[in-house]
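Here is the file structure.tsv (TSV, C-alpha atoms and all ligand atoms).
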chain	number	residue	atom	x	y	z
H	1	MET	CA	66.02	147.14	102.27
H	2	ASN	CA	62.53	146.35	101.04
H	3	THR	CA	60.41	143.63	102.56
H	4	TYR	CA	57.74	142.44	100.16
H	5	GLN	CA	54.49	140.98	101.45
H	6	ILE	CA	53.82	137.94	99.30
H	7	ALA	CA	50.50	136.10	99.46
H	8	VAL	CA	51.22	132.45	98.73
H	9	ILE	CA	48.53	130.11	97.39
H	10	PRO	CA	50.19	126.74	96.71
H	11	GLY	CA	46.80	125.31	95.66
H	12	ASP	CA	46.58	121.78	94.34
H	13	GLY	CA	48.66	118.90	93.03
H	14	VAL	CA	52.22	119.75	92.06
H	15	GLY	CA	51.48	123.35	93.03
H	16	VAL	CA	52.20	122.53	96.68
H	17	GLU	CA	55.49	120.86	95.68
H	18	VAL	CA	56.89	123.52	93.38
H	19	ILE	CA	55.94	126.67	95.32
H	20	PRO	CA	58.38	125.98	98.22
H	21	GLU	CA	61.20	125.73	95.65
H	22	GLY	CA	60.17	129.02	94.11
H	23	LEU	CA	60.20	130.65	97.54
H	24	LYS	CA	63.59	129.10	98.27
H	25	VAL	CA	65.02	130.74	95.18
H	26	LEU	CA	63.37	134.10	95.93
H	27	ARG	CA	64.80	134.10	99.46
H	28	ARG	CA	68.22	133.12	98.19
H	29	VAL	CA	68.38	135.86	95.58
H	30	GLY	CA	67.24	138.35	98.21
H	31	GLU	CA	70.21	137.33	100.37
H	32	VAL	CA	72.70	137.36	97.51
H	33	THR	CA	71.71	140.81	96.30
H	34	GLY	CA	71.07	142.10	99.82
H	35	SER	CA	68.37	144.28	98.34
H	36	PHE	CA	65.14	142.77	99.64
H	37	SER	CA	63.49	140.11	101.72
H	38	ILE	CA	60.09	138.51	101.47
H	39	ALA	CA	57.45	138.01	104.12
H	40	THR	CA	54.97	135.35	103.11
H	41	THR	CA	51.40	134.63	104.17
H	42	ASP	CA	50.12	131.19	103.22
H	43	PHE	CA	46.55	130.68	102.07
H	44	PRO	CA	45.48	127.02	102.02
H	45	TRP	CA	42.78	127.56	99.39
H	46	SER	CA	42.51	124.53	97.16
H	47	CYS	CA	40.28	121.62	96.21
H	48	GLU	CA	41.09	120.04	99.58
H	49	TYR	CA	39.87	123.25	101.22
H	50	TYR	CA	36.72	123.02	99.10
H	51	LEU	CA	35.99	119.49	100.24
H	52	ALA	CA	36.29	120.61	103.86
H	53	HIS	CA	34.52	123.99	103.59
H	54	GLY	CA	32.28	123.83	100.53
H	55	GLU	CA	34.09	126.75	98.86
H	56	MET	CA	37.48	127.25	97.27
H	57	MET	CA	38.21	130.30	99.39
H	58	PRO	CA	36.32	132.25	102.03
H	59	LYS	CA	33.77	134.83	100.90
H	60	ASP	CA	36.22	137.62	101.68
H	61	GLY	CA	39.13	135.69	100.15
H	62	VAL	CA	39.98	138.27	97.52
H	63	ASP	CA	39.96	140.98	100.20
H	64	GLN	CA	42.46	139.01	102.25
H	65	LEU	CA	44.91	139.24	99.34
H	66	ARG	CA	44.36	142.90	98.61
H	67	SER	CA	47.14	144.38	100.74
H	68	SER	CA	49.87	142.05	99.47
H	69	ASP	CA	52.58	143.27	97.10
H	70	ALA	CA	52.15	140.20	94.91
H	71	ILE	CA	50.47	136.81	94.84
H	72	TYR	CA	52.42	133.61	94.17
H	73	LEU	CA	50.15	130.80	93.00
H	74	GLY	CA	50.95	127.13	92.40
H	75	ALA	CA	48.08	125.49	90.57
H	76	VAL	CA	44.34	125.05	90.98
H	77	GLY	CA	42.25	121.98	90.18
H	78	PHE	CA	42.16	118.38	91.29
H	79	PRO	CA	40.01	115.33	90.56
H	80	GLY	CA	37.15	115.21	93.04
H	81	VAL	CA	36.10	118.79	92.39
H	82	PRO	CA	34.84	119.68	88.91
H	83	ASP	CA	37.37	121.93	87.18
H	84	HIS	CA	34.85	124.66	86.40
H	85	VAL	CA	33.96	124.80	90.10
H	86	SER	CA	37.55	125.02	91.35
H	87	LEU	CA	38.68	127.51	88.72
H	88	TRP	CA	35.64	129.76	89.00
H	89	GLY	CA	36.04	129.56	92.76
H	90	LEU	CA	39.63	130.70	92.98
H	91	LEU	CA	41.89	131.51	90.02
H	92	LEU	CA	39.44	133.26	87.71
H	93	PRO	CA	37.86	135.53	90.38
H	94	ILE	CA	41.32	136.72	91.43
H	95	ARG	CA	42.27	137.57	87.84
H	96	LYS	CA	39.01	139.43	87.33
H	97	GLU	CA	38.54	141.17	90.67
H	98	PHE	CA	42.11	142.43	90.72
H	99	ASP	CA	41.70	143.51	87.11
H	100	GLN	CA	44.79	141.54	86.11
H	101	TYR	CA	43.98	142.15	82.50
H	102	VAL	CA	47.39	141.27	81.12
H	103	ASN	CA	48.48	137.66	81.16
H	104	LEU	CA	52.10	137.87	80.08
H	105	ARG	CA	53.67	134.60	78.99
H	106	PRO	CA	57.19	134.50	77.56
H	107	ILE	CA	57.99	131.60	75.25
H	108	GLN	CA	61.74	131.10	75.19
H	109	MET	CA	63.90	128.03	74.90
H	110	PHE	CA	66.87	127.38	77.15
H	111	GLU	CA	70.21	126.28	75.77
H	112	GLY	CA	70.59	122.64	76.83
H	113	ILE	CA	66.90	121.74	76.80
H	114	PRO	CA	65.82	120.55	73.37
H	115	GLY	CA	62.38	121.39	72.05
H	116	PRO	CA	60.28	119.22	69.77
H	117	LEU	CA	61.08	121.23	66.62
H	118	ARG	CA	64.00	119.65	64.75
H	119	ASP	CA	65.52	122.82	63.35
H	120	LYS	CA	64.55	125.46	65.91
H	121	GLY	CA	66.45	126.49	68.99
H	122	PRO	CA	66.76	129.38	71.45
H	123	LYS	CA	67.67	131.78	68.64
H	124	ASP	CA	64.47	131.03	66.77
H	125	ILE	CA	62.00	130.94	69.61
H	126	ASP	CA	61.59	134.11	71.65
H	127	ILE	CA	57.93	135.05	71.67
H	128	LEU	CA	56.21	137.24	74.21
H	129	CYS	CA	52.53	136.36	74.43
H	130	VAL	CA	50.13	138.97	75.75
H	131	ARG	CA	46.84	137.34	76.61
H	132	GLU	CA	43.74	139.32	77.56
H	133	ASN	CA	42.86	137.98	80.99
H	134	THR	CA	39.55	139.38	82.22
H	135	GLU	CA	36.91	139.15	79.50
H	136	GLY	CA	36.45	137.68	76.02
H	137	GLU	CA	35.50	134.03	75.94
H	138	TYR	CA	36.00	133.88	79.73
H	139	GLY	CA	33.24	136.39	80.44
H	140	GLY	CA	31.51	133.72	82.46
H	141	MET	CA	28.03	134.58	81.26
H	142	GLY	CA	25.47	132.22	79.88
H	143	GLY	CA	23.33	129.40	81.09
H	144	ARG	CA	22.13	125.85	80.76
H	145	PHE	CA	18.55	125.28	79.70
H	146	LYS	CA	16.24	122.27	79.86
H	147	GLU	CA	19.03	120.28	81.42
H	148	GLY	CA	18.76	116.55	81.09
H	149	THR	CA	16.03	116.73	78.46
H	150	PRO	CA	16.31	116.11	74.73
H	151	ASP	CA	15.97	119.88	74.29
H	152	GLU	CA	18.95	120.61	76.49
H	153	SER	CA	20.97	123.62	75.42
H	154	ALA	CA	23.77	125.85	76.65
H	155	ILE	CA	24.86	129.39	75.87
H	156	GLN	CA	28.29	130.84	76.67
H	157	VAL	CA	28.64	134.49	75.83
H	158	SER	CA	31.89	136.11	74.75
H	159	LEU	CA	32.20	139.67	75.95
H	160	PHE	CA	34.58	142.05	74.23
H	161	THR	CA	34.59	145.65	75.37
H	162	ARG	CA	36.27	148.57	73.64
H	163	LYS	CA	38.05	149.42	76.87
H	164	GLY	CA	39.22	145.82	77.29
H	165	VAL	CA	40.55	145.48	73.76
H	166	GLU	CA	42.16	148.91	73.77
H	167	ARG	CA	44.10	148.36	76.94
H	168	ILE	CA	45.44	144.94	76.04
H	169	ALA	CA	46.38	146.18	72.57
H	170	ARG	CA	48.12	149.21	74.09
H	171	TYR	CA	50.09	147.01	76.47
H	172	ALA	CA	51.18	144.67	73.68
H	173	PHE	CA	52.15	147.53	71.37
H	174	GLY	CA	54.20	149.04	74.19
H	175	LEU	CA	56.18	145.82	74.52
H	176	ALA	CA	56.56	145.48	70.75
H	177	GLN	CA	57.87	149.04	70.57
H	178	GLY	CA	60.72	148.07	72.88
H	179	ARG	CA	61.51	144.86	70.97
H	180	ARG	CA	61.40	144.04	67.25
H	181	LYS	CA	58.56	146.49	66.52
H	182	ILE	CA	56.36	143.76	65.08
H	183	LEU	CA	53.07	142.77	66.66
H	184	ALA	CA	51.09	139.69	65.71
H	185	SER	CA	47.41	139.83	66.63
H	186	ALA	CA	45.52	136.58	66.98
H	187	THR	CA	42.11	136.91	65.40
H	188	LYS	CA	39.38	134.87	63.75
H	189	SER	CA	37.49	137.64	62.08
H	190	ASN	CA	36.54	135.46	59.13
H	191	ALA	CA	34.19	133.44	61.32
H	192	LEU	CA	33.66	135.58	64.42
H	193	ASN	CA	32.03	138.43	62.56
H	194	TYR	CA	31.26	140.63	65.58
H	195	THR	CA	33.80	140.17	68.33
H	196	ALA	CA	36.90	139.48	66.28
H	197	VAL	CA	36.05	142.14	63.69
H	198	MET	CA	35.81	144.71	66.49
H	199	TRP	CA	39.05	143.36	67.97
H	200	ASP	CA	40.85	143.89	64.65
H	201	GLU	CA	39.47	147.41	64.25
H	202	ILE	CA	40.51	148.49	67.73
H	203	VAL	CA	43.98	146.93	67.48
H	204	ALA	CA	44.48	148.81	64.20
H	205	GLU	CA	43.25	152.08	65.71
H	206	VAL	CA	45.50	151.89	68.76
H	207	GLY	CA	48.45	151.05	66.55
H	208	ALA	CA	47.85	153.84	64.04
H	209	ARG	CA	47.22	156.43	66.74
H	210	GLU	CA	49.80	155.57	69.39
H	211	PHE	CA	52.41	153.24	67.88
H	212	PRO	CA	52.94	154.16	64.25
H	213	GLU	CA	56.40	152.52	64.27
H	214	VAL	CA	55.07	149.09	65.11
H	215	GLU	CA	53.99	146.88	62.23
H	216	ILE	CA	50.81	144.89	62.96
H	217	THR	CA	50.01	141.59	61.32
H	218	ASN	CA	46.67	139.92	61.92
H	219	TYR	CA	46.75	136.14	61.84
H	220	HIS	CA	43.72	133.93	62.09
H	221	VAL	CA	44.42	131.92	65.18
H	222	ASP	CA	44.41	128.60	63.35
H	223	ALA	CA	47.08	129.81	60.94
H	224	LEU	CA	48.96	131.40	63.83
H	225	ALA	CA	49.06	128.04	65.61
H	226	ALA	CA	50.65	126.53	62.52
H	227	ARG	CA	53.12	129.42	62.32
H	228	PHE	CA	54.23	128.82	65.92
H	229	VAL	CA	55.46	125.46	64.66
H	230	THR	CA	56.64	126.25	61.15
H	231	ALA	CA	58.13	129.74	61.52
H	232	PRO	CA	58.36	130.82	65.18
H	233	GLU	CA	61.27	133.12	64.32
H	234	THR	CA	58.83	135.40	62.47
H	235	LEU	CA	56.95	136.07	65.71
H	236	ASP	CA	57.94	138.45	68.47
H	237	VAL	CA	55.08	139.94	70.50
H	238	VAL	CA	51.75	138.17	70.06
H	239	VAL	CA	48.48	139.56	71.42
H	240	GLY	CA	45.32	137.53	71.72
H	241	SER	CA	42.00	137.19	73.47
H	242	ASN	CA	41.58	135.13	76.61
H	243	LEU	CA	40.87	131.76	74.97
H	244	PHE	CA	43.13	132.22	71.97
H	245	GLY	CA	45.92	133.30	74.31
H	246	ASP	CA	45.30	130.29	76.52
H	247	ILE	CA	45.63	127.86	73.64
H	248	ILE	CA	48.62	129.36	71.88
H	249	THR	CA	50.57	129.66	75.14
H	250	ASP	CA	50.24	125.94	75.84
H	251	LEU	CA	51.45	125.40	72.29
H	252	GLY	CA	54.30	127.78	73.02
H	253	GLY	CA	55.05	125.98	76.26
H	254	ALA	CA	55.32	122.71	74.39
H	255	LEU	CA	57.78	124.35	72.00
H	256	GLN	CA	59.97	125.21	74.98
H	257	GLY	CA	60.53	121.51	75.48
H	258	SER	CA	58.48	120.84	78.59
H	259	MET	CA	55.37	122.20	80.27
H	260	GLY	CA	57.59	122.31	83.33
H	261	LEU	CA	59.11	125.52	81.96
H	262	PRO	CA	56.57	128.17	80.94
H	263	ALA	CA	55.54	130.83	83.44
H	264	GLY	CA	52.95	133.55	83.43
H	265	ALA	CA	52.29	136.87	85.09
H	266	ASN	CA	48.74	138.07	85.67
H	267	LEU	CA	49.32	141.79	85.75
H	268	ASN	CA	47.33	144.78	86.85
H	269	PRO	CA	49.61	147.27	85.11
H	270	GLU	CA	48.13	150.25	86.96
H	271	ARG	CA	49.14	148.59	90.26
H	272	LYS	CA	45.81	149.40	91.81
H	273	TYR	CA	45.63	145.73	92.84
H	274	PRO	CA	48.27	143.07	93.42
H	275	SER	CA	49.45	141.05	90.43
H	276	MET	CA	49.73	137.26	90.48
H	277	PHE	CA	52.54	135.00	89.27
H	278	GLU	CA	52.19	131.31	88.46
H	279	PRO	CA	53.58	128.44	86.46
H	280	ILE	CA	51.16	127.73	83.61
H	281	HIS	CA	51.34	123.94	83.78
H	282	GLY	CA	48.48	123.34	86.19
H	283	SER	CA	48.23	120.85	89.01
H	284	ALA	CA	49.34	117.78	87.00
H	285	PRO	CA	47.38	115.29	89.15
H	286	ARG	CA	49.16	112.27	87.65
H	287	ARG	CA	52.58	113.58	88.69
H	288	ALA	CA	51.45	115.01	92.01
H	289	GLY	CA	52.52	113.59	95.34
H	290	GLN	CA	55.75	112.08	94.07
H	291	GLY	CA	58.04	115.08	94.42
H	292	ILE	CA	59.06	114.86	90.77
H	293	GLY	CA	57.49	118.02	89.32
H	294	ASN	CA	59.78	120.51	87.65
H	295	PRO	CA	59.94	123.75	89.68
H	296	MET	CA	61.54	125.74	86.84
H	297	ALA	CA	58.26	127.32	85.67
H	298	THR	CA	57.50	128.42	89.22
H	299	VAL	CA	60.99	129.85	89.63
H	300	TRP	CA	60.59	131.66	86.32
H	301	ALA	CA	57.26	133.06	87.57
H	302	GLY	CA	59.20	134.24	90.62
H	303	ALA	CA	61.61	136.08	88.34
H	304	MET	CA	58.65	137.79	86.69
H	305	MET	CA	57.43	138.77	90.14
H	306	LEU	CA	60.80	140.32	90.95
H	307	GLU	CA	60.74	142.20	87.66
H	308	HIS	CA	57.28	143.54	88.53
H	309	LEU	CA	58.47	144.59	91.99
H	310	GLY	CA	61.33	146.52	90.42
H	311	GLU	CA	64.05	144.05	91.52
H	312	THR	CA	65.55	143.93	88.04
H	313	GLU	CA	68.97	142.68	89.05
H	314	ALA	CA	67.51	139.89	91.19
H	315	ALA	CA	65.22	138.88	88.33
H	316	ARG	CA	68.20	138.68	86.02
H	317	LEU	CA	70.12	136.53	88.50
H	318	VAL	CA	67.22	134.10	88.77
H	319	MET	CA	66.97	133.79	84.99
H	320	ASP	CA	70.73	133.23	84.80
H	321	ALA	CA	70.46	130.50	87.43
H	322	LEU	CA	67.71	128.83	85.41
H	323	ARG	CA	69.91	128.99	82.31
H	324	HIS	CA	72.79	127.52	84.28
H	325	VAL	CA	70.72	124.57	85.49
H	326	ALA	CA	69.17	124.07	82.06
H	327	LEU	CA	72.65	123.66	80.69
H	328	ASN	CA	74.32	121.71	83.48
H	329	GLY	CA	71.50	119.83	85.16
H	330	PRO	CA	70.15	118.37	87.31
H	331	ARG	CA	67.05	117.39	85.38
H	332	THR	CA	63.62	116.36	86.52
H	333	LYS	CA	61.67	113.58	84.83
H	334	ASP	CA	59.97	115.84	82.27
H	335	LEU	CA	63.47	116.76	81.04
H	336	GLY	CA	64.59	113.15	80.88
H	337	GLY	CA	66.32	113.02	84.27
H	338	THR	CA	65.68	111.57	87.68
H	339	ALA	CA	66.11	114.60	89.93
H	340	LYS	CA	63.44	115.35	92.47
H	341	THR	CA	61.64	118.67	92.72
H	342	ILE	CA	63.65	119.60	95.82
H	343	GLU	CA	67.02	118.77	94.25
H	344	MET	CA	66.15	120.94	91.30
H	345	GLY	CA	65.13	123.81	93.59
H	346	ASP	CA	68.35	123.43	95.57
H	347	ALA	CA	70.41	123.46	92.39
H	348	ILE	CA	68.74	126.61	91.09
H	349	ALA	CA	69.17	128.34	94.45
H	350	ALA	CA	72.82	127.29	94.54
H	351	ALA	CA	73.35	128.61	91.01
H	352	ILE	CA	72.25	132.13	91.97
H	353	GLY	CA	75.23	134.29	91.27
H	354	ALA	CA	77.09	131.52	89.40
H	355	ARG	CA	78.35	132.42	85.98
H	356	VAL	CA	76.47	130.89	83.07
H	357	THR	CA	78.85	128.52	81.33
H	358	PRO	CA	79.76	130.00	77.96
H	359	HIS	CA	79.10	127.87	74.94
L	1	LIG	C1	45.77	128.82	82.31
L	1	LIG	C2	44.81	127.73	82.64
L	1	LIG	C3	43.48	128.34	83.06
L	1	LIG	C4	43.01	129.22	81.94
L	1	LIG	C5	42.41	127.33	83.44
L	1	LIG	C6	42.90	126.40	84.51
L	1	LIG	C7	41.10	127.97	83.77
L	1	LIG	O1	44.65	126.86	81.58
L	1	LIG	O2	46.11	129.62	83.20
L	1	LIG	O3	46.19	128.91	81.16
L	1	LIG	O4	42.43	128.73	80.96
L	1	LIG	O5	43.21	130.43	82.03
L	2	MN	MN	45.97	127.29	79.92
Rewrite the structure from the file as structure tokens, please.
Ligand code: IPM
Ligand code: MN
Amino acid sequence: MNTYQIAVIPGDGVGVEVIPEGLKVLRRVGEVTGSFSIATTDFPWSCEYYLAHGEMMPKDGVDQLRSSDAIYLGAVGFPGVPDHVSLWGLLLPIRKEFDQYVNLRPIQMFEGIPGPLRDKGPKDIDILCVRENTEGEYGGMGGRFKEGTPDESAIQVSLFTRKGVERIARYAFGLAQGRRKILASATKSNALNYTAVMWDEIVAEVGAREFPEVEITNYHVDALAARFVTAPETLDVVVGSNLFGDIITDLGGALQGSMGLPAGANLNPERKYPSMFEPIHGSAPRRAGQGIGNPMATVWAGAMMLEHLGETEAARLVMDALRHVALNGPRTKDLGGTAKTIEMGDAIAAAIGARVTPH
């Protein structure tokens, strides 16, 4: 039996409330399958930690995570610490230093949880977003000049490298090859005449050379956003740069019916470094502290972790349990119910191994 070393960073806000539920479900599915257990190490890095120590994590923080099999992260950011300080102090350095260049975000609806689109349901919405996660608009380079003067200015540089675009394109094509063989690429090469034009060229090259069976369609990201709403069934795998991927995956999350649902995997596909799994909803400061956050996104992130660790059957059981609860309840506030975070976690754990009610 495998024991996985999981580094746990609950972080801020609802992160600290949903992570224990995710771990509960992971432990439960380990018992039910009898195929693995998890050993967790908790890292208290957060905005609270920042206020006490003047940094989001210790200088050697990333090194402390290095030997883990995976990282399970709640959320980062809380009022009292500027968001760019907390995020550049914790989440973004982990993504970059562990070269987690794929941010994989599935957009799928559950039967039983309505989305905001009148005529679209689980059969219409099944989009796998592949977001570049280490460069692009999040290069982190630039500066502020003549601050506080009438001549104040700021520069934020986008960095697109051939290597970076090639590898994210290759990863997305690989997924598309195993699915509907259509790949949508988010671009904006009408306005971004250097970076996005190079992006388009490299995506086309990788496709022509390595994935001739996959049909590529380039969509300007504004039109793609509209298409998410008007014709999501025409989309299957979508690849985009860091910022474009960020924006369209929140849109996708909203289409799922609640931001309490969507999960993401920050992957280092070569497995040279640990990968990191998180709900994409953030710390939700207004909901925090009440025990009402929906743990489903965190549980889903846990299923993605299991998939990454090779525990395919366990991952499937977790997704089935989520489907079961989506259909039968209980429901947290975001889904129109009154269940607490813990009740929801208990229900998902209890549904592991239950049959999904046919409909
Ligand atoms: C996400 C978040 C982060 C991002 C923020 C918190 C920096 O929105 O994971 O999508 O933009 O990557
Ligand atoms: Mn985001």
Counting all atoms listed in the file, which residues of chain H fall within 7 Å of ligand LIG 1 (chain L), and what is the closest atom pair for each with its distance in Å at one decimal, ordered by chain and rising number, as JSON lines?
{"residue": "H:Val76", "atom": "CA", "partner": "L:LIG1", "partner_atom": "C6", "distance": 6.8}
{"residue": "H:Leu87", "atom": "CA", "partner": "L:LIG1", "partner_atom": "C7", "distance": 5.5}
{"residue": "H:Leu92", "atom": "CA", "partner": "L:LIG1", "partner_atom": "C7", "distance": 6.8}
{"residue": "H:Leu243", "atom": "CA", "partner": "L:LIG1", "partner_atom": "O4", "distance": 6.9}
{"residue": "H:Asp246", "atom": "CA", "partner": "L:LIG1", "partner_atom": "O3", "distance": 4.9}
{"residue": "H:Ile280", "atom": "CA", "partner": "L:LIG1", "partner_atom": "O2", "distance": 5.4}
{"residue": "H:Gly282", "atom": "CA", "partner": "L:LIG1", "partner_atom": "C6", "distance": 6.6}
Residues within 12 Å of Thr338 (chain H), all atoms listed in the file, excluding chain neighbours under 2 positions, as a CSV table (one decimal) with C-alpha atoms, keeping the file's coordinate frame:
chain,number,residue,atom,x,y,z
H,290,GLN,CA,55.8,112.1,94.1
H,291,GLY,CA,58.0,115.1,94.4
H,292,ILE,CA,59.1,114.9,90.8
H,293,GLY,CA,57.5,118.0,89.3
H,294,ASN,CA,59.8,120.5,87.6
H,329,GLY,CA,71.5,119.8,85.2
H,330,PRO,CA,70.2,118.4,87.3
H,331,ARG,CA,67.0,117.4,85.4
H,332,THR,CA,63.6,116.4,86.5
H,333,LYS,CA,61.7,113.6,84.8
H,334,ASP,CA,60.0,115.8,82.3
H,335,LEU,CA,63.5,116.8,81.0
H,336,GLY,CA,64.6,113.2,80.9
H,340,LYS,CA,63.4,115.4,92.5
H,341,THR,CA,61.6,118.7,92.7
H,342,ILE,CA,63.6,119.6,95.8
H,343,GLU,CA,67.0,118.8,94.2
H,344,MET,CA,66.2,120.9,91.3
*Within 12 Å of ligand MN 2 (chain L), which residues show up when you count all atoms listed in the file? List them as a PyMOL selection string, please.*
chain H and resi 75-76+87+91-92+103+105+131+133+138+242-254+259+262-264+278-283
*So, counting only C-alpha atoms, which residue among H:Ala52, H:Val299, H:Ala351, H:Val81 is closest to Leu327 (chain H)?*
H:Ala351
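CA of Val102 (chain H) sits 8.1 Å away from CA of Thr134 (chain H).
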*Can you list, as number ranges by chain, every protein, DNA or RNA residue that comes within 10 Å of region 59-61 of chain H when you count all atoms listed in the file, leaving out same-chain residues fewer than 6 positions away?*
H: 43, 45, 89-90, 93-94
*Atomic separation - CA of Leu128 (chain H) relative to CA of Val239 (chain H), Å*: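 CA of Val239 (chain H) sits 8.5 Å away from CA of Leu128 (chain H).
Between CA of Asp124 (chain H) and CA of Ala204 (chain H) lies a distance of 26.9 Å.
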Would you kindly return, as a JSON list (two decimals) with C-alpha atoms, keeping the file's coordinate frame, each protein, DNA or RNA residue with an atom no farther than 7 Å from any atom of Lys188 (chain H), considering all atoms listed in the file and excluding same-chain residues fewer than 6 positions away?
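Saved file result08.json follows:
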[["chain", "number", "residue", "atom", "x", "y", "z"],
["H", 196, "ALA", "CA", 36.90, 139.48, 66.28],
["H", 220, "HIS", "CA", 43.72, 133.93, 62.09],
["H", 221, "VAL", "CA", 44.42, 131.92, 65.18]]
